[in-house]
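Student: What follows is the file start-v4.cif, containing mmCIF, C-alpha atoms:
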data_query
#
loop_
_atom_site.group_PDB
_atom_site.id
_atom_site.type_symbol
_atom_site.label_atom_id
_atom_site.label_comp_id
_atom_site.auth_asym_id
_atom_site.auth_seq_id
_atom_site.Cartn_x
_atom_site.Cartn_y
_atom_site.Cartn_z
ATOM 1 C CA MET A 1 123.618 148.617 95.426
ATOM 2 C CA ARG A 2 121.498 150.895 93.235
ATOM 3 C CA GLN A 3 119.997 147.880 91.471
ATOM 4 C CA MET A 4 119.128 146.296 94.836
ATOM 5 C CA ALA A 5 117.435 149.464 96.058
ATOM 6 C CA THR A 6 115.463 149.735 92.818
ATOM 7 C CA ALA A 7 114.327 146.119 93.071
ATOM 8 C CA LEU A 8 113.204 146.609 96.677
ATOM 9 C CA ILE A 9 111.239 149.718 95.742
ATOM 10 C CA VAL A 10 109.494 147.793 92.945
ATOM 11 C CA ILE A 11 108.564 144.992 95.372
ATOM 12 C CA LEU A 12 107.297 147.585 97.848
ATOM 13 C CA LEU A 13 105.073 149.177 95.194
ATOM 14 C CA VAL A 14 103.672 145.764 94.230
ATOM 15 C CA LEU A 15 102.821 144.963 97.857
ATOM 16 C CA ILE A 16 101.172 148.355 98.350
ATOM 17 C CA THR A 17 99.074 147.698 95.241
ATOM 18 C CA GLN A 18 98.004 144.325 96.698
ATOM 19 C CA VAL A 19 96.975 146.011 99.931
ATOM 20 C CA ALA A 20 94.754 148.383 97.990
ATOM 21 C CA LEU A 21 93.138 145.478 96.133
ATOM 22 C CA ILE A 22 92.434 143.185 99.112
ATOM 23 C CA PRO A 23 88.925 144.512 99.985
ATOM 24 C CA THR A 24 87.586 143.702 96.501
ATOM 25 C CA ALA A 25 89.784 140.811 95.328
ATOM 26 C CA SER A 26 88.211 137.354 95.348
ATOM 27 C CA ALA A 27 91.374 135.239 94.766
ATOM 28 C CA MET A 28 89.866 131.948 93.569
ATOM 29 C CA VAL A 29 91.978 128.913 92.718
ATOM 30 C CA ALA A 30 90.758 125.428 91.769
ATOM 31 C CA GLY A 31 91.720 122.368 93.812
ATOM 32 C CA GLU A 32 91.431 120.885 97.252
ATOM 33 C CA VAL A 33 92.829 122.552 100.341
ATOM 34 C CA ALA A 34 93.935 120.538 103.372
ATOM 35 C CA TRP A 35 93.993 121.948 106.897
ATOM 36 C CA TYR A 36 96.157 119.915 109.291
ATOM 37 C CA LEU A 37 95.438 119.670 113.005
ATOM 38 C CA SER A 38 98.168 121.317 115.059
ATOM 39 C CA ASP A 39 99.000 121.535 118.756
ATOM 40 C CA THR A 40 98.954 125.351 118.788
ATOM 41 C CA GLN A 41 96.416 126.809 121.198
ATOM 42 C CA ALA A 42 93.574 128.874 119.726
ATOM 43 C CA THR A 43 94.048 132.422 121.033
ATOM 44 C CA GLY A 44 93.409 135.977 119.887
ATOM 45 C CA PHE A 45 89.846 135.483 118.655
ATOM 46 C CA HIS A 46 86.400 134.613 119.975
ATOM 47 C CA HIS A 47 85.348 130.971 119.994
ATOM 48 C CA PRO A 48 82.695 128.907 121.789
ATOM 49 C CA GLY A 49 83.542 127.718 125.287
ATOM 50 C CA ALA A 50 83.012 124.472 127.212
ATOM 51 C CA HIS A 51 85.580 122.498 125.198
ATOM 52 C CA ALA A 52 88.353 120.389 126.650
ATOM 53 C CA TYR A 53 90.723 121.726 123.969
ATOM 54 C CA ASP A 54 90.741 124.589 121.457
ATOM 55 C CA LYS A 55 93.537 124.536 118.866
ATOM 56 C CA ILE A 56 94.212 125.742 115.336
ATOM 57 C CA MET A 57 94.699 124.097 111.951
ATOM 58 C CA ASN A 58 97.512 124.889 109.520
ATOM 59 C CA LYS A 59 96.690 125.145 105.831
ATOM 60 C CA ASP A 60 98.710 122.854 103.537
ATOM 61 C CA THR A 61 101.378 122.357 106.221
ATOM 62 C CA GLU A 62 101.684 118.816 107.502
ATOM 63 C CA GLY A 63 103.171 118.534 110.973
ATOM 64 C CA THR A 64 106.491 116.886 111.783
ATOM 65 C CA GLU A 65 105.938 116.047 115.456
ATOM 66 C CA GLU A 66 103.480 113.545 116.856
ATOM 67 C CA HIS A 67 100.917 114.883 119.328
ATOM 68 C CA MET A 68 98.190 113.228 121.329
ATOM 69 C CA LEU A 69 95.397 114.518 123.513
ATOM 70 C CA THR A 70 92.995 112.635 125.772
ATOM 71 C CA LEU A 71 89.234 113.094 125.899
ATOM 72 C CA ASP A 72 87.072 111.998 128.808
ATOM 73 C CA ALA A 73 83.536 110.805 128.150
ATOM 74 C CA GLU A 74 81.412 113.580 126.596
ATOM 75 C CA HIS A 75 84.423 115.872 126.144
ATOM 76 C CA LYS A 76 85.257 117.668 122.888
ATOM 77 C CA ALA A 77 88.280 119.061 121.081
ATOM 78 C CA TRP A 78 87.957 121.841 118.501
ATOM 79 C CA TRP A 79 90.364 122.985 115.787
ATOM 80 C CA TYR A 80 89.956 126.250 113.862
ATOM 81 C CA THR A 81 91.137 127.670 110.555
ATOM 82 C CA ASN A 82 92.331 131.258 110.162
ATOM 83 C CA GLY A 83 89.726 134.008 109.970
ATOM 84 C CA ALA A 84 87.962 134.669 106.669
ATOM 85 C CA PRO A 85 88.947 137.792 104.688
ATOM 86 C CA SER A 86 86.776 140.864 104.297
ATOM 87 C CA ASN A 87 84.472 139.191 101.780
ATOM 88 C CA VAL A 88 82.174 136.205 102.325
ATOM 89 C CA VAL A 89 83.822 132.896 101.370
ATOM 90 C CA GLU A 90 81.577 130.235 99.843
ATOM 91 C CA PHE A 91 82.151 126.492 99.442
ATOM 92 C CA ASN A 92 80.205 123.835 97.582
ATOM 93 C CA GLY A 93 80.722 120.097 97.922
ATOM 94 C CA ASP A 94 81.910 117.446 100.367
ATOM 95 C CA TRP A 95 84.199 117.983 103.329
ATOM 96 C CA ASN A 96 86.405 115.191 104.622
ATOM 97 C CA ILE A 97 87.621 114.802 108.198
ATOM 98 C CA THR A 98 90.501 112.392 108.771
ATOM 99 C CA CYS A 99 91.777 111.550 112.246
ATOM 100 C CA TRP A 100 93.321 108.758 114.299
ATOM 101 C CA VAL A 101 91.899 107.735 117.674
ATOM 102 C CA LYS A 102 92.320 105.021 120.289
ATOM 103 C CA ALA A 103 89.724 103.955 122.855
ATOM 104 C CA LEU A 104 91.467 102.816 126.019
ATOM 105 C CA SER A 105 88.740 100.639 127.523
ATOM 106 C CA GLU A 106 87.760 97.243 126.132
ATOM 107 C CA ASP A 107 84.199 98.071 127.172
ATOM 108 C CA ASP A 108 84.038 100.852 124.561
ATOM 109 C CA LYS A 109 83.801 98.646 121.484
ATOM 110 C CA GLY A 110 80.974 100.027 119.356
ATOM 111 C CA LYS A 111 80.968 103.416 121.118
ATOM 112 C CA ARG A 112 80.775 106.525 118.958
ATOM 113 C CA VAL A 113 83.381 109.106 118.070
ATOM 114 C CA TYR A 114 81.638 112.225 116.766
ATOM 115 C CA THR A 115 83.186 114.329 114.011
ATOM 116 C CA LYS A 116 81.522 117.651 113.269
ATOM 117 C CA LEU A 117 82.053 120.424 110.744
ATOM 118 C CA LYS A 118 81.398 123.879 112.201
ATOM 119 C CA VAL A 119 81.332 127.516 111.155
ATOM 120 C CA ILE A 120 81.575 130.348 113.682
ATOM 121 C CA ASP A 121 81.187 134.059 113.064
ATOM 122 C CA SER A 122 83.616 136.778 114.161
ATOM 123 C CA SER A 123 81.953 136.882 117.601
ATOM 124 C CA GLY A 124 82.561 133.172 118.156
ATOM 125 C CA ILE A 125 78.906 132.241 117.718
ATOM 126 C CA GLU A 126 78.242 128.908 116.019
ATOM 127 C CA ILE A 127 76.250 129.461 112.818
ATOM 128 C CA PHE A 128 76.581 126.056 111.134
ATOM 129 C CA SER A 129 77.047 122.451 112.235
ATOM 130 C CA LYS A 130 77.084 119.144 110.378
ATOM 131 C CA GLN A 131 77.643 115.927 112.301
ATOM 132 C CA GLY A 132 78.809 112.404 111.604
ATOM 133 C CA TYR A 133 80.027 109.565 113.786
ATOM 134 C CA THR A 134 82.182 106.433 113.626
ATOM 135 C CA GLN A 135 82.051 103.434 115.959
ATOM 136 C CA ILE A 136 85.087 102.057 117.732
ATOM 137 C CA THR A 137 85.981 98.655 116.289
ATOM 138 C CA ASN A 138 89.099 97.591 118.192
ATOM 139 C CA PRO A 139 89.632 99.237 121.583
ATOM 140 C CA GLY A 140 93.310 99.467 122.468
ATOM 141 C CA ASP A 141 94.353 99.939 118.838
ATOM 142 C CA ILE A 142 94.796 103.206 116.937
ATOM 143 C CA GLN A 143 91.864 103.470 114.535
ATOM 144 C CA LEU A 144 91.649 105.577 111.402
ATOM 145 C CA ILE A 145 88.469 107.637 111.052
ATOM 146 C CA GLU A 146 87.516 109.066 107.676
ATOM 147 C CA LYS A 147 84.204 110.873 107.597
ATOM 148 C CA THR A 148 82.654 112.747 104.678
ATOM 149 C CA LEU A 149 80.202 115.511 105.544
ATOM 150 C CA SER A 150 78.002 117.065 102.873
ATOM 151 C CA PRO A 151 76.305 120.370 103.697
ATOM 152 C CA SER A 152 73.061 120.954 101.845
ATOM 153 C CA GLY A 153 73.666 123.865 99.488
ATOM 154 C CA THR A 154 76.414 126.448 99.750
ATOM 155 C CA LEU A 155 78.464 126.721 102.936
ATOM 156 C CA SER A 156 79.169 130.410 103.600
ATOM 157 C CA VAL A 157 81.807 131.766 105.963
ATOM 158 C CA PRO A 158 81.260 135.458 106.847
ATOM 159 C CA SER A 159 83.999 138.032 107.139
ATOM 160 C CA GLY A 160 86.073 137.250 110.235
ATOM 161 C CA GLY A 161 84.391 133.865 110.625
ATOM 162 C CA ARG A 162 86.166 130.536 110.835
ATOM 163 C CA ILE A 163 85.686 126.946 109.828
ATOM 164 C CA ALA A 164 86.196 124.484 112.665
ATOM 165 C CA ILE A 165 86.012 120.783 113.334
ATOM 166 C CA GLU A 166 84.980 119.063 116.527
ATOM 167 C CA ILE A 167 86.082 115.609 117.641
ATOM 168 C CA GLY A 168 83.934 114.366 120.517
ATOM 169 C CA TRP A 169 83.731 111.248 122.669
ATOM 170 C CA VAL A 170 80.355 109.744 123.498
ATOM 171 C CA SER A 171 78.915 110.427 126.983
ATOM 172 C CA THR A 172 78.444 106.703 127.778
ATOM 173 C CA ALA A 173 82.114 105.788 127.285
ATOM 174 C CA ALA A 174 83.705 103.682 130.003
ATOM 175 C CA GLY A 175 87.231 104.975 129.386
ATOM 176 C CA ASP A 176 89.161 107.764 127.720
ATOM 177 C CA LEU A 177 89.734 108.405 124.014
ATOM 178 C CA GLU A 178 93.143 109.372 122.645
ATOM 179 C CA VAL A 179 93.346 111.538 119.507
ATOM 180 C CA TYR A 180 96.558 111.517 117.456
ATOM 181 C CA TYR A 181 97.679 114.295 115.109
ATOM 182 C CA GLY A 182 100.562 116.456 113.953
ATOM 183 C CA SER A 183 102.809 113.960 112.129
ATOM 184 C CA SER A 184 103.068 112.322 108.727
ATOM 185 C CA THR A 185 102.074 109.052 110.375
ATOM 186 C CA HIS A 186 98.903 110.482 111.902
ATOM 187 C CA ASN A 187 98.253 113.539 109.729
ATOM 188 C CA SER A 188 94.757 114.286 110.989
ATOM 189 C CA ARG A 189 93.196 116.935 108.776
ATOM 190 C CA LEU A 190 90.173 118.633 107.263
ATOM 191 C CA THR A 191 89.981 118.623 103.469
ATOM 192 C CA CYS A 192 87.895 121.258 101.700
ATOM 193 C CA PRO A 193 85.781 120.462 98.621
ATOM 194 C CA PRO A 194 87.502 120.457 95.206
ATOM 195 C CA ASN A 195 87.535 123.810 93.411
ATOM 196 C CA SER A 196 87.403 125.632 96.731
ATOM 197 C CA PRO A 197 88.373 129.303 96.953
ATOM 198 C CA VAL A 198 91.747 130.269 98.310
ATOM 199 C CA TYR A 199 91.063 130.760 102.009
ATOM 200 C CA PRO A 200 92.043 132.869 103.730
ATOM 201 C CA ALA A 201 93.454 135.747 101.663
ATOM 202 C CA PRO A 202 96.749 137.256 102.904
ATOM 203 C CA GLU A 203 96.106 139.114 106.122
ATOM 204 C CA LEU A 204 96.280 142.903 105.763
ATOM 205 C CA PRO A 205 98.599 143.507 108.762
ATOM 206 C CA THR A 206 101.110 140.984 107.393
ATOM 207 C CA ILE A 207 101.337 142.738 104.029
ATOM 208 C CA ILE A 208 101.588 146.151 105.672
ATOM 209 C CA TYR A 209 104.446 144.990 107.923
ATOM 210 C CA MET A 210 106.254 143.483 104.943
ATOM 211 C CA SER A 211 105.817 146.705 103.016
ATOM 212 C CA ILE A 212 107.187 148.792 105.865
ATOM 213 C CA GLY A 213 110.143 146.445 106.292
ATOM 214 C CA LEU A 214 111.053 146.444 102.612
ATOM 215 C CA GLY A 215 110.624 150.203 102.463
ATOM 216 C CA GLY A 216 113.018 150.577 105.368
ATOM 217 C CA ILE A 217 115.612 148.333 103.729
ATOM 218 C CA ALA A 218 115.343 150.274 100.479
ATOM 219 C CA SER A 219 115.722 153.582 102.330
ATOM 220 C CA ILE A 220 118.840 152.383 104.157
ATOM 221 C CA ALA A 221 120.383 151.219 100.891
ATOM 222 C CA ILE A 222 119.725 154.583 99.230
ATOM 223 C CA LEU A 223 121.139 156.522 102.210
ATOM 224 C CA LYS A 224 124.291 154.400 102.263
ATOM 225 C CA ARG A 225 124.750 155.005 98.559
ATOM 226 C CA ALA A 226 124.338 158.761 99.037
ATOM 227 C CA ARG A 227 126.820 158.843 101.926
ATOM 228 C CA TYR A 228 129.327 156.851 99.918
ATOM 229 C CA LYS A 229 129.110 159.357 97.053
ATOM 230 C CA SER A 230 129.445 162.341 99.379
ATOM 231 C CA SER A 231 132.526 160.832 101.041
ATOM 232 C CA ARG A 232 134.204 160.315 97.679
ATOM 233 C CA PHE A 233 133.229 163.669 96.208
ATOM 234 C CA PRO A 234 133.112 166.294 99.013
#
Show how you would write the structure in this file as structure tokens.

Tutor:
Amino acid sequence: MRQMATALIVILLVLITQVALIPTASAMVAGEVAWYLSDTQATGFHHPGAHAYDKIMNKDTEGTEEHMLTLDAEHKAWWYTNGAPSNVVEFNGDWNITCWVKALSEDDKGKRVYTKLKVIDSSGIEIFSKQGYTQITNPGDIQLIEKTLSPSGTLSVPSGGRIAIEIGWVSTAAGDLEVYYGSSTHNSRLTCPPNSPVYPAPELPTIIYMSIGLGGIASIAILKRARYKSSRFP
């Protein structure tokens, strides 16, 4: 029991040290980072309005359940990453958007599906946008879209800002567009450039809650040990 309490105290001290370092730590790791489209609604932060859907992306976590949403002509769906840490996060290189779609009308052959890379600040204001499009080739069939977007220069995400992607259906479409995501079969995602920074850093409230929880467990263990001794040696 004493060894367990000691180990928990050590972990607690390590976490507290990490909390103190978060404002100045940069935490950079080489390699690509994939953000997978999820079906979780985007809540708890500011984001632009006038979208048919607003959802979040999960970093490095591929979904296990197929999802599908439907876009009318000119409608858009947005997906957002987590908020950036307290320092500005910078990216250099190509971004890749992968998604699966199906146009329901035979009249929509050749119509455009727009894929856009966005950055919003902590107030939900759009501060960057890069657009690409892909034409529908076989209406009625699920079509893979892979679009590479290359910002000119460094892409900066301010503190509290978020990266987002938009999937939009052209205004002249005759029918609806289905977008598939959330499974290993249709793992729609955004892939960051190689050698991207780790983004985002661990959120401060999460580390604080973990620290409090571990501290409480350690305290209980120490109290139980003390009571056990006092009961044996009154």

Student: Rounded to one decimal, what separation in Å do you get between atom CA of A:Glu62 and atom CA of A:Arg112?

Tutor: 26.8 Å

Student: What does the distance from atom CA of A:Val119 to atom CA of A:Leu149 come to in Å, to one decimal?

Tutor: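 Spanning atom CA of A:Val119 to atom CA of A:Leu149 is a straight-line distance of 13.3 Å.
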
Student: From the options A:Glu146, A:Asp176, A:Asp39, A:Asp141, which residue's atoms come nearest to A:Leu71, counting only C-alpha atoms?

Tutor: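 Nearest to A:Leu71: A:Asp176.
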
Student: Could you check how far atom CA of A:Ser122 sits from atom CA of A:Cys99, in Å to one decimal?

Tutor: 26.6 Å

Student: For the structure shown, which residues end up in the PyMOL selection byres ((chain A and resi 162-165) around 9)? Put them as a VMD selection string, please?

Tutor: chain A and resid 56 to 57 77 to 84 97 115 to 122 124 157 to 161 166 to 167 190

Student: Which residue, A:Glu32, A:Glu126, A:Asp54, A:Glu106, has the smallest gap to A:Lys76 when you use all atoms listed in the file?

Tutor: A:Asp54

Student: Which one of A:Ser123, A:Asn92, A:Ser150, A:Ser38 sits closest to A:Tyr53 if you count all atoms listed in the file?

Tutor: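 Going through A:Ser123, A:Asn92, A:Ser150, A:Ser38 one by one, the smallest distance to A:Tyr53 is for A:Ser38.
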
Student: Just the residues within 7 Å of stretch 66-69 of chain A, please, counting all atoms listed in the file, with nothing from its chain fewer than 2 positions along; format it as a PDB file with C-alpha atoms, keeping the file's coordinate frame.

Tutor:
ATOM      1  CA  ASP A  39      99.000 121.535 118.756  1.00  0.00           C
ATOM      2  CA  THR A  64     106.491 116.886 111.783  1.00  0.00           C
ATOM      3  CA  LEU A  71      89.234 113.094 125.899  1.00  0.00           C
ATOM      4  CA  GLU A 178      93.143 109.372 122.645  1.00  0.00           C
ATOM      5  CA  VAL A 179      93.346 111.538 119.507  1.00  0.00           C
ATOM      6  CA  TYR A 180      96.558 111.517 117.456  1.00  0.00           C
ATOM      7  CA  TYR A 181      97.679 114.295 115.109  1.00  0.00           C
ATOM      8  CA  GLY A 182     100.562 116.456 113.953  1.00  0.00           C
ATOM      9  CA  SER A 183     102.809 113.960 112.129  1.00  0.00           C
TER      10      SER A 183
END

Student: Just the residues within 12 Å of A:Ala34, please, counting all atoms listed in the file, with nothing from its chain fewer than 6 positions along; format it as a list in words.

Tutor: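 Residues near the query, excluding close chain neighbours: Met57, Asn58, Lys59, Asp60, Thr61, Glu62, Thr81, Trp95, Asn96, Ile97, Thr98, Asn187, Ser188, Arg189, Leu190, Thr191, Cys192, Pro193, Pro194, Ser196, Val198 and Tyr199 of chain A.
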
Student: Give the answer as one residue: which of A:Ile125, A:Glu65, A:Ser105, A:Tyr133 has the shortest atom-to-atom distance to A:Pro48, using only C-alpha atoms?

Tutor: A:Ile125

Student: I want to know what sits within 12 Å of A:Gly153, based on all atoms listed in the file, with residues of the same chain fewer than 5 positions away left out; could you give that as an mmCIF file with C-alpha atoms, in the coordinates of the input?

Tutor:
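In the end it all went to result36.cif:
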data_model
loop_
_atom_site.group_PDB
_atom_site.id
_atom_site.type_symbol
_atom_site.label_atom_id
_atom_site.label_comp_id
_atom_site.auth_asym_id
_atom_site.auth_seq_id
_atom_site.Cartn_x
_atom_site.Cartn_y
_atom_site.Cartn_z
ATOM 1 C CA GLU A 90 81.577 130.235 99.843
ATOM 2 C CA PHE A 91 82.151 126.492 99.442
ATOM 3 C CA ASN A 92 80.205 123.835 97.582
ATOM 4 C CA GLY A 93 80.722 120.097 97.922
ATOM 5 C CA ASP A 94 81.910 117.446 100.367
#

Student: Using all atoms listed in the file and a cutoff of 12 Å, can you tell me which residues are near (75.9, 104.8, 129.7) in the file's coordinates, and write them out as a count of residues only?

Tutor: 12

Student: Taking all atoms listed in the file into account, which of A:Phe128, A:Tyr36, A:Thr43, A:Asn138 comes nearest A:Ala103?

Tutor: A:Asn138

Student: Do you know which residues are at most 8 Å from A:Thr137 counting only C-alpha atoms, after dropping those on the same chain fewer than 6 positions away, and could you put them as a list in words?

Tutor: Lys109, Gly110 and Gln143 of chain A

Student: Go ahead and save the picked residues with C-alpha atoms, as a PDB file, in the frame of the given file.

Tutor:
ATOM      1  CA  LYS A 109      83.801  98.646 121.484  1.00  0.00           C
ATOM      2  CA  GLY A 110      80.974 100.027 119.356  1.00  0.00           C
ATOM      3  CA  GLN A 143      91.864 103.470 114.535  1.00  0.00           C
TER       4      GLN A 143
END
